[in-house]
Amino acid sequence: MRTLDEIGAVLNIKGSLASAYLKAGEDTLCHWAEGRGLEPTIDAREGFRLLALHHQGSRGEPSFNACRETCRELAYHYNLITLEPDHPDTEKRLEMMRLVAMHLYLFVSGKMQVNGLGEFCCASRPLRTGT
Amino acid sequence: MSSKAKEYKKVAYYPGCALEGTGHAYNRSTKELGKALGLELDEVKNWNCCGAMEVKNIDPKVQTYLSSRVMSIAANEMGHDVVMAPCNGCYHNLKKAEYDLKNDDASKQVVERISKKAGHQTYESGQVETIHALDWIKDGIGEEGLKERVKSSLKDLKIANYYGCMYTRPRHIFPEKDQGEGSDSTSEPHFMDDLLAAAGAENVDFPLKTACCGGAHTLSDSDTSTLLVSNILEAAESAGAEVIATECPTCHSGLEMHQVRAEKRFGRKTNVKIVYFTQLLGMALGLSAKKVGVHENISDSRALLKEKGIA
């Protein structure tokens, strides 16, 4: 799986494909699941693995629902872009999708940092910081 | 007109700590807006902190007590059955206390014990209805009532409405939401959009309207808060907004302060202005920018509002 820094780098690139931003969102949530000792689900909810991963990640962690609508907005923008690829607003929608995915990434990685999970746990710190 | 219009004509007002500090402009504009609309606010006597995040993180039942005391004074000492809290944190905490007192015996026992010790009547679940400033205007006056009173339309002003994450979460403490027509939605809140549209504003499609601004981590992890806020501001600009309308003092000051910090720390400059919805509605009703405290905001929107003919 990509590191959080690698996911962040993808999200800093404007004009990628909608699928790349959706995958970045999924990978972010996989980090959250793994950081909590769970095997990231491969199931889908309402057609999106992203939503199933969010559902899995919020179990026993109600505060994780603070990113529920962000996930749903990401799925919504993915649908807008892929169902109407020739729409005049596609470029704008894609940029908005990037920013929504970025928000999910910042929220989840910030939460992992605060909770000392995954790449932010004490054991992983030397790997992350290269010390 | 809403069936609640009569009930909301005069309500107990719980400003909370933030509105006496960083959110002073929200306090001022809420009061001025109420006056202009003929809605009366009766401030809760000798109110205390709702327990915010600090107490809640250490002992949630003490937070339940603190919030219940505010409701007890409003109900038992002032005879009110509606408490209006314009701050999302206070609104959320009073709603949470109401829910806990209805559903959790342990919370009820703690509240009874401390209330007795403090020498005031114990708050009983259901004595008051806690509402937000958005409910107060939406049901107390309504969009049609606002339209009739607009003197300086917000026409041509593009607004991203930002509700923050505590206005709708967790869903179970807001049983009145998601009840169809006339109620607000927890996943897609729209009361602020409705009110500002009635005042003539053009609301932009803003997908981060309920996203977290990192308010709780603003001191412990400022960089994350700054990046979250910066992303919200950039998304609002990408959506075409000139102004972000807020309805929470914590979100508002977070957006304002991290907008400045984002430029200094990360070189990320945004120009979108941050204004309380009460200030925007007040100006639409003809109140001066000064009267609704626009000069007190860190985000200086005066030139934009003047250019739009609003201030």
# chains A, B, ... in the order shown; residues from 1 in each chain; ligands from 1
$ residues_around --residues "Ile13 (chain A)" --least-positions-apart "5" --cutoff "12 Å" --atoms "only C-alpha atoms" --output "PyMOL selection string"
chain A and resi 6-8+18+20-21+24+94-95+97-99+101-102
$ interface_residues --of "chain B" --to "chain A" --cutoff "9 Å" --atoms "only C-alpha atoms" --output "list in words"
Cys165, Met166, Arg169, Pro170, Ser187, Glu188, Phe206, Pro207, Leu208, Thr210, Ala211, Cys212, Cys213, Gly214, His217, Ser220, Asp221, Thr224, Ser225, Leu227, Leu228, Asn231, Ile232, Glu234, Ala235, Ser238 and Ala239 of chain B
$ closest_residue --among "B:Leu287, B:Ala18, B:Val128, B:Ala5" --to "Asp81 (chain B)" --atoms "only C-alpha atoms"
B:Val128
$ closest_residue --among "B:Met78, B:Ala52, B:Ala241, B:Ala201" --to "Lys147 (chain B)" --atoms "only C-alpha atoms"
B:Ala201
$ residues_around --residues "Val260 (chain B)" --least-positions-apart "2" --cutoff "10 Å" --atoms "only C-alpha atoms" --output "list in words"
Thr226, Ser230, Leu255, Glu256, Met257, His258, Ala262, Glu263, Lys264, Arg265, Gly267, Arg268, Lys269, Thr270, Ile298 and Ser299 of chain B
$ write_last_selection --atoms "C-alpha atoms" --output "mmCIF file, in the first residue's frame"
data_model
loop_
_atom_site.group_PDB
_atom_site.id
_atom_site.type_symbol
_atom_site.label_atom_id
_atom_site.label_comp_id
_atom_site.auth_asym_id
_atom_site.auth_seq_id
_atom_site.Cartn_x
_atom_site.Cartn_y
_atom_site.Cartn_z
ATOM 1 C CA THR B 226 -4.279 25.246 9.208
ATOM 2 C CA SER B 230 -6.825 26.201 3.980
ATOM 3 C CA LEU B 255 -11.286 30.058 9.495
ATOM 4 C CA GLU B 256 -10.170 33.638 10.042
ATOM 5 C CA MET B 257 -7.046 32.917 12.040
ATOM 6 C CA HIS B 258 -5.863 29.971 9.978
ATOM 7 C CA ALA B 262 -1.850 29.508 6.069
ATOM 8 C CA GLU B 263 -0.301 32.389 4.187
ATOM 9 C CA LYS B 264 2.499 32.917 6.699
ATOM 10 C CA ARG B 265 3.309 29.272 7.359
ATOM 11 C CA GLY B 267 2.411 30.503 1.571
ATOM 12 C CA ARG B 268 -1.191 29.600 0.728
ATOM 13 C CA LYS B 269 -3.108 32.809 0.202
ATOM 14 C CA THR B 270 -6.874 32.948 -0.185
ATOM 15 C CA ILE B 298 -10.336 39.587 11.446
ATOM 16 C CA SER B 299 -11.270 38.847 7.844
#
$ residues_around --residues "Glu112 (chain B)" --least-positions-apart "5" --cutoff "9 Å" --atoms "only C-alpha atoms" --output "PyMOL selection string"
chain B and resi 65+107+117+121-123
$ write_last_selection --atoms "C-alpha atoms" --output "PDB file, in the first residue's frame"
ATOM      1  CA  TYR B  65     -24.746  18.779  34.410  1.00  0.00           C
ATOM      2  CA  SER B 107     -26.314  10.831  33.827  1.00  0.00           C
ATOM      3  CA  LYS B 117     -25.522  20.292  46.035  1.00  0.00           C
ATOM      4  CA  GLN B 121     -33.903  22.774  40.808  1.00  0.00           C
ATOM      5  CA  THR B 122     -32.869  19.730  38.766  1.00  0.00           C
ATOM      6  CA  TYR B 123     -33.524  20.045  35.055  1.00  0.00           C
TER       7      TYR B 123
END
$ atom_distance --atom1 "CA of Asp86 (chain A)" --atom2 "CA of Cys71 (chain A)"
23.9 Å
$ residues_around --residues "Arg2 (chain A)" --least-positions-apart "3" --cutoff "12 Å" --atoms "only C-alpha atoms" --output "PyMOL selection string"
chain A and resi 5-10+23-31+119
$ write_last_selection --atoms "N, CA and C atoms" --output "short mmCIF file (atom, residue, chain, number, x, y, z; two decimals), in the first residue's frame"
data_model
loop_
_atom_site.label_atom_id
_atom_site.label_comp_id
_atom_site.auth_asym_id
_atom_site.auth_seq_id
_atom_site.Cartn_x
_atom_site.Cartn_y
_atom_site.Cartn_z
N ASP A 5 2.36 9.84 2.70
CA ASP A 5 3.03 10.91 1.94
C ASP A 5 2.81 10.74 0.44
N GLU A 6 2.86 9.49 -0.01
CA GLU A 6 2.65 9.22 -1.45
C GLU A 6 1.22 9.57 -1.86
N ILE A 7 0.27 9.26 -0.97
CA ILE A 7 -1.13 9.61 -1.28
C ILE A 7 -1.27 11.14 -1.34
N GLY A 8 -0.65 11.80 -0.37
CA GLY A 8 -0.70 13.27 -0.34
C GLY A 8 -0.13 13.87 -1.62
N ALA A 9 0.93 13.26 -2.12
CA ALA A 9 1.56 13.77 -3.35
C ALA A 9 0.60 13.66 -4.54
N VAL A 10 -0.13 12.56 -4.62
CA VAL A 10 -1.12 12.38 -5.71
C VAL A 10 -2.18 13.49 -5.62
N LYS A 23 -9.33 6.54 -5.55
CA LYS A 23 -8.39 5.54 -5.02
C LYS A 23 -7.58 6.14 -3.86
N ALA A 24 -7.21 7.40 -3.99
CA ALA A 24 -6.46 8.07 -2.91
C ALA A 24 -7.32 8.10 -1.63
N GLY A 25 -8.61 8.34 -1.81
CA GLY A 25 -9.52 8.34 -0.66
C GLY A 25 -9.61 6.95 -0.04
N GLU A 26 -9.73 5.94 -0.89
CA GLU A 26 -9.81 4.56 -0.38
C GLU A 26 -8.52 4.18 0.36
N ASP A 27 -7.40 4.51 -0.25
CA ASP A 27 -6.12 4.15 0.39
C ASP A 27 -5.94 4.85 1.73
N THR A 28 -6.43 6.09 1.80
CA THR A 28 -6.35 6.82 3.07
C THR A 28 -7.14 6.08 4.15
N LEU A 29 -8.34 5.63 3.78
CA LEU A 29 -9.17 4.92 4.75
C LEU A 29 -8.58 3.54 5.08
N CYS A 30 -7.87 2.93 4.13
CA CYS A 30 -7.18 1.66 4.42
C CYS A 30 -6.13 1.87 5.51
N HIS A 31 -5.43 3.00 5.45
CA HIS A 31 -4.43 3.30 6.48
C HIS A 31 -5.09 3.38 7.85
N GLU A 119 1.50 4.86 10.59
CA GLU A 119 2.82 5.46 10.40
C GLU A 119 3.20 6.39 11.54
#
$ select_by_dssp --residues "chain A" --states "alpha helix (DSSP H)" --output "mmCIF file with C-alpha atoms, in the first residue's frame"
data_model
loop_
_atom_site.group_PDB
_atom_site.id
_atom_site.type_symbol
_atom_site.label_atom_id
_atom_site.label_comp_id
_atom_site.auth_asym_id
_atom_site.auth_seq_id
_atom_site.Cartn_x
_atom_site.Cartn_y
_atom_site.Cartn_z
ATOM 1 C CA LEU A 4 0.428 8.577 3.395
ATOM 2 C CA ASP A 5 3.027 10.912 1.937
ATOM 3 C CA GLU A 6 2.654 9.221 -1.447
ATOM 4 C CA ILE A 7 -1.128 9.610 -1.277
ATOM 5 C CA GLY A 8 -0.698 13.269 -0.337
ATOM 6 C CA ALA A 9 1.564 13.769 -3.354
ATOM 7 C CA VAL A 10 -1.120 12.383 -5.707
ATOM 8 C CA LEU A 11 -3.666 14.764 -4.225
ATOM 9 C CA ALA A 18 -11.383 10.957 -10.971
ATOM 10 C CA SER A 19 -10.447 7.322 -10.356
ATOM 11 C CA ALA A 20 -7.049 8.428 -9.009
ATOM 12 C CA TYR A 21 -8.674 10.720 -6.463
ATOM 13 C CA LEU A 22 -11.195 8.071 -5.472
ATOM 14 C CA LYS A 23 -8.392 5.536 -5.016
ATOM 15 C CA ALA A 24 -6.465 8.067 -2.911
ATOM 16 C CA GLY A 25 -9.523 8.341 -0.663
ATOM 17 C CA GLU A 26 -9.806 4.560 -0.380
ATOM 18 C CA ASP A 27 -6.116 4.145 0.387
ATOM 19 C CA THR A 28 -6.352 6.823 3.075
ATOM 20 C CA LEU A 29 -9.169 4.917 4.754
ATOM 21 C CA CYS A 30 -7.184 1.663 4.418
ATOM 22 C CA HIS A 31 -4.430 3.302 6.480
ATOM 23 C CA TRP A 32 -6.979 4.181 9.148
ATOM 24 C CA ALA A 33 -8.331 0.602 9.239
ATOM 25 C CA GLU A 34 -4.863 -0.952 9.365
ATOM 26 C CA GLY A 35 -3.733 1.511 11.991
ATOM 27 C CA ARG A 49 -15.597 0.570 -1.508
ATOM 28 C CA LEU A 50 -14.853 4.020 -0.110
ATOM 29 C CA LEU A 51 -18.201 4.093 1.716
ATOM 30 C CA ALA A 52 -17.721 0.558 3.041
ATOM 31 C CA LEU A 53 -14.276 1.523 4.319
ATOM 32 C CA HIS A 54 -15.720 4.574 6.050
ATOM 33 C CA HIS A 55 -18.427 2.442 7.631
ATOM 34 C CA GLN A 56 -15.791 0.004 8.843
ATOM 35 C CA GLY A 57 -13.589 2.825 10.147
ATOM 36 C CA SER A 58 -16.345 4.471 12.151
ATOM 37 C CA ARG A 68 -18.919 10.692 6.553
ATOM 38 C CA GLU A 69 -20.276 13.465 4.346
ATOM 39 C CA THR A 70 -16.808 14.135 2.943
ATOM 40 C CA CYS A 71 -16.736 10.500 1.742
ATOM 41 C CA ARG A 72 -20.210 10.816 0.304
ATOM 42 C CA GLU A 73 -19.249 14.037 -1.503
ATOM 43 C CA LEU A 74 -16.243 12.261 -2.957
ATOM 44 C CA ALA A 75 -18.478 9.466 -4.278
ATOM 45 C CA TYR A 76 -20.963 12.062 -5.580
ATOM 46 C CA HIS A 77 -18.273 13.944 -7.493
ATOM 47 C CA TYR A 78 -16.923 10.705 -8.907
ATOM 48 C CA ASN A 79 -20.414 9.943 -10.238
ATOM 49 C CA LEU A 80 -20.829 13.455 -11.639
ATOM 50 C CA ILE A 81 -17.559 13.239 -13.532
ATOM 51 C CA THR A 82 -17.822 9.673 -14.807
ATOM 52 C CA LEU A 83 -21.503 9.803 -15.745
ATOM 53 C CA THR A 90 -16.033 18.591 -15.628
ATOM 54 C CA GLU A 91 -12.765 20.389 -15.038
ATOM 55 C CA LYS A 92 -14.254 22.345 -12.156
ATOM 56 C CA ARG A 93 -15.845 19.219 -10.716
ATOM 57 C CA LEU A 94 -12.551 17.381 -10.919
ATOM 58 C CA GLU A 95 -10.777 20.130 -9.005
ATOM 59 C CA MET A 96 -13.521 20.080 -6.398
ATOM 60 C CA MET A 97 -13.176 16.298 -6.125
ATOM 61 C CA ARG A 98 -9.432 16.712 -5.581
ATOM 62 C CA LEU A 99 -10.068 19.200 -2.763
ATOM 63 C CA VAL A 100 -12.683 16.941 -1.166
ATOM 64 C CA ALA A 101 -10.267 13.975 -1.314
ATOM 65 C CA MET A 102 -7.557 16.205 0.115
ATOM 66 C CA HIS A 103 -9.837 17.095 3.006
ATOM 67 C CA LEU A 104 -10.443 13.442 3.760
ATOM 68 C CA TYR A 105 -6.705 12.795 3.609
ATOM 69 C CA LEU A 106 -5.887 15.712 5.938
ATOM 70 C CA PHE A 107 -8.629 14.787 8.392
ATOM 71 C CA VAL A 108 -7.723 11.093 8.574
ATOM 72 C CA SER A 109 -3.951 11.563 8.639
ATOM 73 C CA GLY A 110 -4.349 14.261 11.313
ATOM 74 C CA LYS A 111 -6.485 11.914 13.359
ATOM 75 C CA MET A 112 -3.940 9.118 12.952
ATOM 76 C CA GLN A 113 -1.206 11.445 14.110
ATOM 77 C CA VAL A 114 -3.176 12.495 17.185
ATOM 78 C CA ASN A 115 -4.006 8.869 18.027
ATOM 79 C CA ARG A 125 8.461 6.867 13.709
ATOM 80 C CA PRO A 126 12.079 6.049 12.744
ATOM 81 C CA LEU A 127 10.883 4.720 9.375
ATOM 82 C CA ARG A 128 8.787 7.801 8.734
ATOM 83 C CA THR A 129 11.329 10.357 9.769
#
$ atom_distance --atom1 "CA of Leu33 (chain B)" --atom2 "CA of Leu281 (chain B)"
7.3 Å
$ residues_around --residues "Lys273 (chain B)" --least-positions-apart "3" --cutoff "10 Å" --atoms "only C-alpha atoms" --output "MDAnalysis selection string"
chainID B and resid 159 233 237 241:245 255:256 259 270 297:302 304:305
$ atom_distance --atom1 "CA of Phe120 (chain A)" --atom2 "CA of Thr218 (chain B)"
19.0 Å
$ residues_around --residues "region 88-102 of chain B" --least-positions-apart "4" --cutoff "6 Å" --atoms "only C-alpha atoms" --output "list in words"
Cys50, Thr64, Ser67, Lys108, Ser125, Met166, Tyr167, Ile173 and Cys248 of chain B
$ write_last_selection --atoms "all heavy atoms" --output "PDB file, in the first residue's frame"
ATOM      1  N   CYS B  50     -21.021  25.668  28.936  1.00  0.00           N
ATOM      2  CA  CYS B  50     -21.789  24.447  28.624  1.00  0.00           C
ATOM      3  C   CYS B  50     -20.970  23.185  28.857  1.00  0.00           C
ATOM      4  O   CYS B  50     -21.472  22.073  28.739  1.00  0.00           O
ATOM      5  CB  CYS B  50     -22.253  24.480  27.163  1.00  0.00           C
ATOM      6  SG  CYS B  50     -20.885  24.359  25.975  1.00  0.00           S
ATOM      7  N   THR B  64     -22.744  17.215  31.114  1.00  0.00           N
ATOM      8  CA  THR B  64     -24.213  17.114  31.049  1.00  0.00           C
ATOM      9  C   THR B  64     -24.831  17.986  32.142  1.00  0.00           C
ATOM     10  O   THR B  64     -25.806  18.700  31.907  1.00  0.00           O
ATOM     11  CB  THR B  64     -24.652  15.642  31.215  1.00  0.00           C
ATOM     12  OG1 THR B  64     -24.036  14.881  30.188  1.00  0.00           O
ATOM     13  CG2 THR B  64     -26.164  15.484  31.122  1.00  0.00           C
ATOM     14  N   SER B  67     -24.528  21.817  31.247  1.00  0.00           N
ATOM     15  CA  SER B  67     -25.536  22.219  30.244  1.00  0.00           C
ATOM     16  C   SER B  67     -26.940  22.195  30.836  1.00  0.00           C
ATOM     17  O   SER B  67     -27.767  23.056  30.537  1.00  0.00           O
ATOM     18  CB  SER B  67     -25.469  21.288  29.028  1.00  0.00           C
ATOM     19  OG  SER B  67     -24.264  21.485  28.337  1.00  0.00           O
ATOM     20  N   LYS B 108     -28.542  11.022  34.694  1.00  0.00           N
ATOM     21  CA  LYS B 108     -29.630  11.637  35.445  1.00  0.00           C
ATOM     22  C   LYS B 108     -29.275  11.713  36.941  1.00  0.00           C
ATOM     23  O   LYS B 108     -29.487  12.733  37.591  1.00  0.00           O
ATOM     24  CB  LYS B 108     -30.892  10.789  35.237  1.00  0.00           C
ATOM     25  CG  LYS B 108     -32.167  11.547  35.277  1.00  0.00           C
ATOM     26  CD  LYS B 108     -33.310  10.663  34.851  1.00  0.00           C
ATOM     27  CE  LYS B 108     -34.587  11.279  35.369  1.00  0.00           C
ATOM     28  NZ  LYS B 108     -35.746  10.466  35.094  1.00  0.00           N
ATOM     29  N   SER B 125     -35.696  16.372  31.716  1.00  0.00           N
ATOM     30  CA  SER B 125     -35.700  16.257  30.257  1.00  0.00           C
ATOM     31  C   SER B 125     -37.049  16.680  29.670  1.00  0.00           C
ATOM     32  O   SER B 125     -38.105  16.289  30.172  1.00  0.00           O
ATOM     33  CB  SER B 125     -35.392  14.800  29.900  1.00  0.00           C
ATOM     34  OG  SER B 125     -35.824  14.508  28.620  1.00  0.00           O
ATOM     35  N   MET B 166     -20.418  20.252  14.075  1.00  0.00           N
ATOM     36  CA  MET B 166     -21.184  19.991  15.304  1.00  0.00           C
ATOM     37  C   MET B 166     -22.667  20.357  15.193  1.00  0.00           C
ATOM     38  O   MET B 166     -23.444  20.033  16.074  1.00  0.00           O
ATOM     39  CB  MET B 166     -20.559  20.735  16.479  1.00  0.00           C
ATOM     40  CG  MET B 166     -19.169  20.214  16.795  1.00  0.00           C
ATOM     41  SD  MET B 166     -18.505  20.874  18.297  1.00  0.00           S
ATOM     42  CE  MET B 166     -19.153  19.749  19.507  1.00  0.00           C
ATOM     43  N   TYR B 167     -23.039  21.027  14.146  1.00  0.00           N
ATOM     44  CA  TYR B 167     -24.431  21.444  13.972  1.00  0.00           C
ATOM     45  C   TYR B 167     -25.335  20.245  13.661  1.00  0.00           C
ATOM     46  O   TYR B 167     -26.532  20.275  13.934  1.00  0.00           O
ATOM     47  CB  TYR B 167     -24.493  22.482  12.849  1.00  0.00           C
ATOM     48  CG  TYR B 167     -25.884  22.908  12.417  1.00  0.00           C
ATOM     49  CD1 TYR B 167     -26.702  23.654  13.263  1.00  0.00           C
ATOM     50  CD2 TYR B 167     -26.373  22.571  11.159  1.00  0.00           C
ATOM     51  CE1 TYR B 167     -27.973  24.039  12.864  1.00  0.00           C
ATOM     52  CE2 TYR B 167     -27.630  22.961  10.749  1.00  0.00           C
ATOM     53  CZ  TYR B 167     -28.425  23.689  11.607  1.00  0.00           C
ATOM     54  OH  TYR B 167     -29.676  24.073  11.194  1.00  0.00           O
ATOM     55  N   ILE B 173     -28.799  13.022  18.517  1.00  0.00           N
ATOM     56  CA  ILE B 173     -29.162  14.071  19.488  1.00  0.00           C
ATOM     57  C   ILE B 173     -29.999  15.192  18.845  1.00  0.00           C
ATOM     58  O   ILE B 173     -30.390  16.126  19.514  1.00  0.00           O
ATOM     59  CB  ILE B 173     -27.924  14.644  20.229  1.00  0.00           C
ATOM     60  CG1 ILE B 173     -26.991  15.414  19.285  1.00  0.00           C
ATOM     61  CG2 ILE B 173     -27.166  13.560  20.968  1.00  0.00           C
ATOM     62  CD1 ILE B 173     -25.890  16.202  20.021  1.00  0.00           C
ATOM     63  N   CYS B 248     -21.074  29.622  13.575  1.00  0.00           N
ATOM     64  CA  CYS B 248     -20.444  29.097  14.791  1.00  0.00           C
ATOM     65  C   CYS B 248     -19.208  29.938  15.087  1.00  0.00           C
ATOM     66  O   CYS B 248     -18.381  30.151  14.198  1.00  0.00           O
ATOM     67  CB  CYS B 248     -20.044  27.644  14.560  1.00  0.00           C
ATOM     68  SG  CYS B 248     -18.946  26.989  15.845  1.00  0.00           S
TER      69      CYS B 248
END
$ select_by_dssp --residues "region 39-227 of chain B" --states "strand (DSSP E)" --output "list in words"
Glu40, Leu41, Asp42, Glu43, Val82, Val83, Met84, Glu129, Thr130, Ile131, Lys158, Ile159, Ala160, Asn161, Tyr162, Glu202 and Asn203 of chain B
